[in-house]
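Student: Pasting a structure here, questions to come.
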Amino acid sequence: MKALKILLISLLAMTVLTGCSQKEENNEPADQLAEIQAKGVLVVALEGAYAPWNYHDENDNLIGYDVEVATMIAEKLGVTVQFEECLWDSIFPGIDSKRYDTAIASVSVTEERSEKYNFSNAYAYNKTVVIVQQSNTDITGMEDLAGKKTANTLASTYAQLAEAYGASPDGVDDLEQTIEVLKAGRVDATLNAEVTYFDYLKAHGDAPIKIGCYAPEVELVAIPVRKEGSENLLAAINKALEELAAEGKLTEVSLKYFGVDISHN
C-alpha cells in the first residue's frame with residue numbers, strides 16, 4: 001500500500017508538470033501555484049544580511065520577520081520553503097530567470113516594479129529615515145539631500161528616493177557596509193527603514209549616527225511574483241496573509257522582531 005501511494009503521488013506530480021509544460025508549448029502561461037505545489041517547495045530569495053528582516057543569529061540560523069512570514073505562507077500553501085540567499089541586486093534577475101519563485105525580502109512596491117511584477121497585499125508598512133553622522137547639522141529635511149552623496153544598494157527604493165531629492169547614491173552591498181561608509185565620512189547620509197535603524201542601534205549603541213529626518217512617504221512592503229501565470233499564486237498568497245493577520249500571527253512576529261506592529265498601516 002505504501003509503494004502504491006508513492007506511485008500515485010509521483011504520477012500526480014508528473015501529470016501536473018506535464019500539463020504545465022503543454023500549456024507553455026501552446027503559448028499559455030504555466031500556473032505558478034500548480035508548479036510550486038507539484039514540486040512541494042516555495043523557493044524564496046532574500047539577502048540574509050538585513051536585520052531584523054532577514055539575517056543570521058549567533059548560531060548562524062537564518063531568522064527574521066521575512067523568514068517567519070515566508071515559512072508561514074509556505075505552510076498555508078501546503079509546501080515547504082527553501083531560502084536562497086543572494087545580493088539584493090540578484091533578486092529580481094533570479095525571479096525573472098525562474099531560479100526563485102518569489103522574494104520575501106522587505107521588497108517595497110514601486111510603480112516601476114509593478115509594471116514588471118504582480119505584488120501581493122502588503123505584509124508590512126515601512127517608514128523611511130535619513131541616517132547621518134551624529135555631528136551632522138546640514139540634513140534636517142528631505143530637501144537638504146540635494147547635492148549630497150548617499151550610500152545604498154543601487155537597485156533599492158532608498159537609492160531611488162535619494163535621487164528623487166537630488167542626492168547622488170553610491171552603491172554598497174549591505175547594511176553593515178552602508179553604516180561603515182557613513183561613519184568614515186565617505187558619504188553624507190543613507191536612507192533606510194526606521195525599524196532597521198533602531199535594530200542596528202540595539203547591537204551598536206555607541207555608533208555615532210542619528211536620524212536626520214523622516215521621509216513623508218510610507219512604503220508598502222509586499223511579495224513580488226512574475227506576471228505570467230501568477231493569478232492563482234497571488235490569490236493563495238493574499239489568502240494566506242489575510243489568515244495570518246486574522247490569527248494575529250503577523251502582529252506577533254512583528255512585535256518579536258521590531259518591537260512595534262508594522263504589519264498594518
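Chain lettering (A, B, ...) mirrors the order of the C-alpha cells, residue numbering begins at 1 for each chain separately, and ligand numbering begins at 1 in order of display.
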Excluding same-chain residues fewer than 2 positions from stretch 255-263 of chain A, what lies within 9 Å of it counting only C-alpha atoms, as a PyMOL selection string?

Tutor: chain A and resi 51-53+64-65+122-126+195-196+198-199+245+250-253+265

Student: For stretch 154-158 of chain A, find every residue with an atom within 10 Å (counting only C-alpha atoms), except residues of its own chain fewer than 4 positions away, and show them as a PyMOL selection string.

Tutor: chain A and resi 88-92+107-110+128-130+150+162-164+169-173+190-193+219

Student: Pick from A:Ser106, A:Thr137, A:Ser114, A:Ser230: nearest to A:Tyr50, with only C-alpha atoms counted?

Tutor: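 Of all the options, A:Ser106 lies closest to A:Tyr50.
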
Student: Return as a ChimeraX atom specification the full set of residues in stretch 58-118 of chain A whose backbone-based DSSP assignment is strand (DSSP E or B).

Tutor: /A:62-63,80-85,102-103,108,117-118

Student: For C-alpha atoms, I'd like the residues from the last selection saved as a PDB file, in the first residue's frame.

Tutor:
ATOM      1  CA  LEU A  62      18.523  32.253   9.289  1.00  0.00           C
ATOM      2  CA  ILE A  63      15.884  34.243  11.175  1.00  0.00           C
ATOM      3  CA  THR A  80       7.955  23.700   2.420  1.00  0.00           C
ATOM      4  CA  VAL A  81      10.053  26.826   2.000  1.00  0.00           C
ATOM      5  CA  GLN A  82      13.550  26.884   0.514  1.00  0.00           C
ATOM      6  CA  PHE A  83      15.508  30.085   1.157  1.00  0.00           C
ATOM      7  CA  GLU A  84      18.113  31.236  -1.338  1.00  0.00           C
ATOM      8  CA  GLU A  85      20.451  33.934  -0.031  1.00  0.00           C
ATOM      9  CA  THR A 102       9.470  34.979  -5.345  1.00  0.00           C
ATOM     10  CA  ALA A 103      11.287  37.213  -2.884  1.00  0.00           C
ATOM     11  CA  SER A 108       8.869  47.782  -1.441  1.00  0.00           C
ATOM     12  CA  TYR A 117       5.728  42.074 -11.407  1.00  0.00           C
ATOM     13  CA  ASN A 118       2.465  41.388  -9.665  1.00  0.00           C
TER      14      ASN A 118
END

Student: Residues of stretch 31-185 of chain A classed as alpha helix (DSSP H) by DSSP on the backbone are to be reported as a PyMOL selection string.

Tutor: chain A and resi 32-39+65-77+88-96+111-116+157-164+175-183

Student: Measuring atom to atom with only C-alpha atoms, identify which of A:Ile131, A:Ala30, A:Val79, A:Cys86 is nearest to A:Leu42.

Tutor: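 Among the listed residues, A:Val79 lies closest to A:Leu42.
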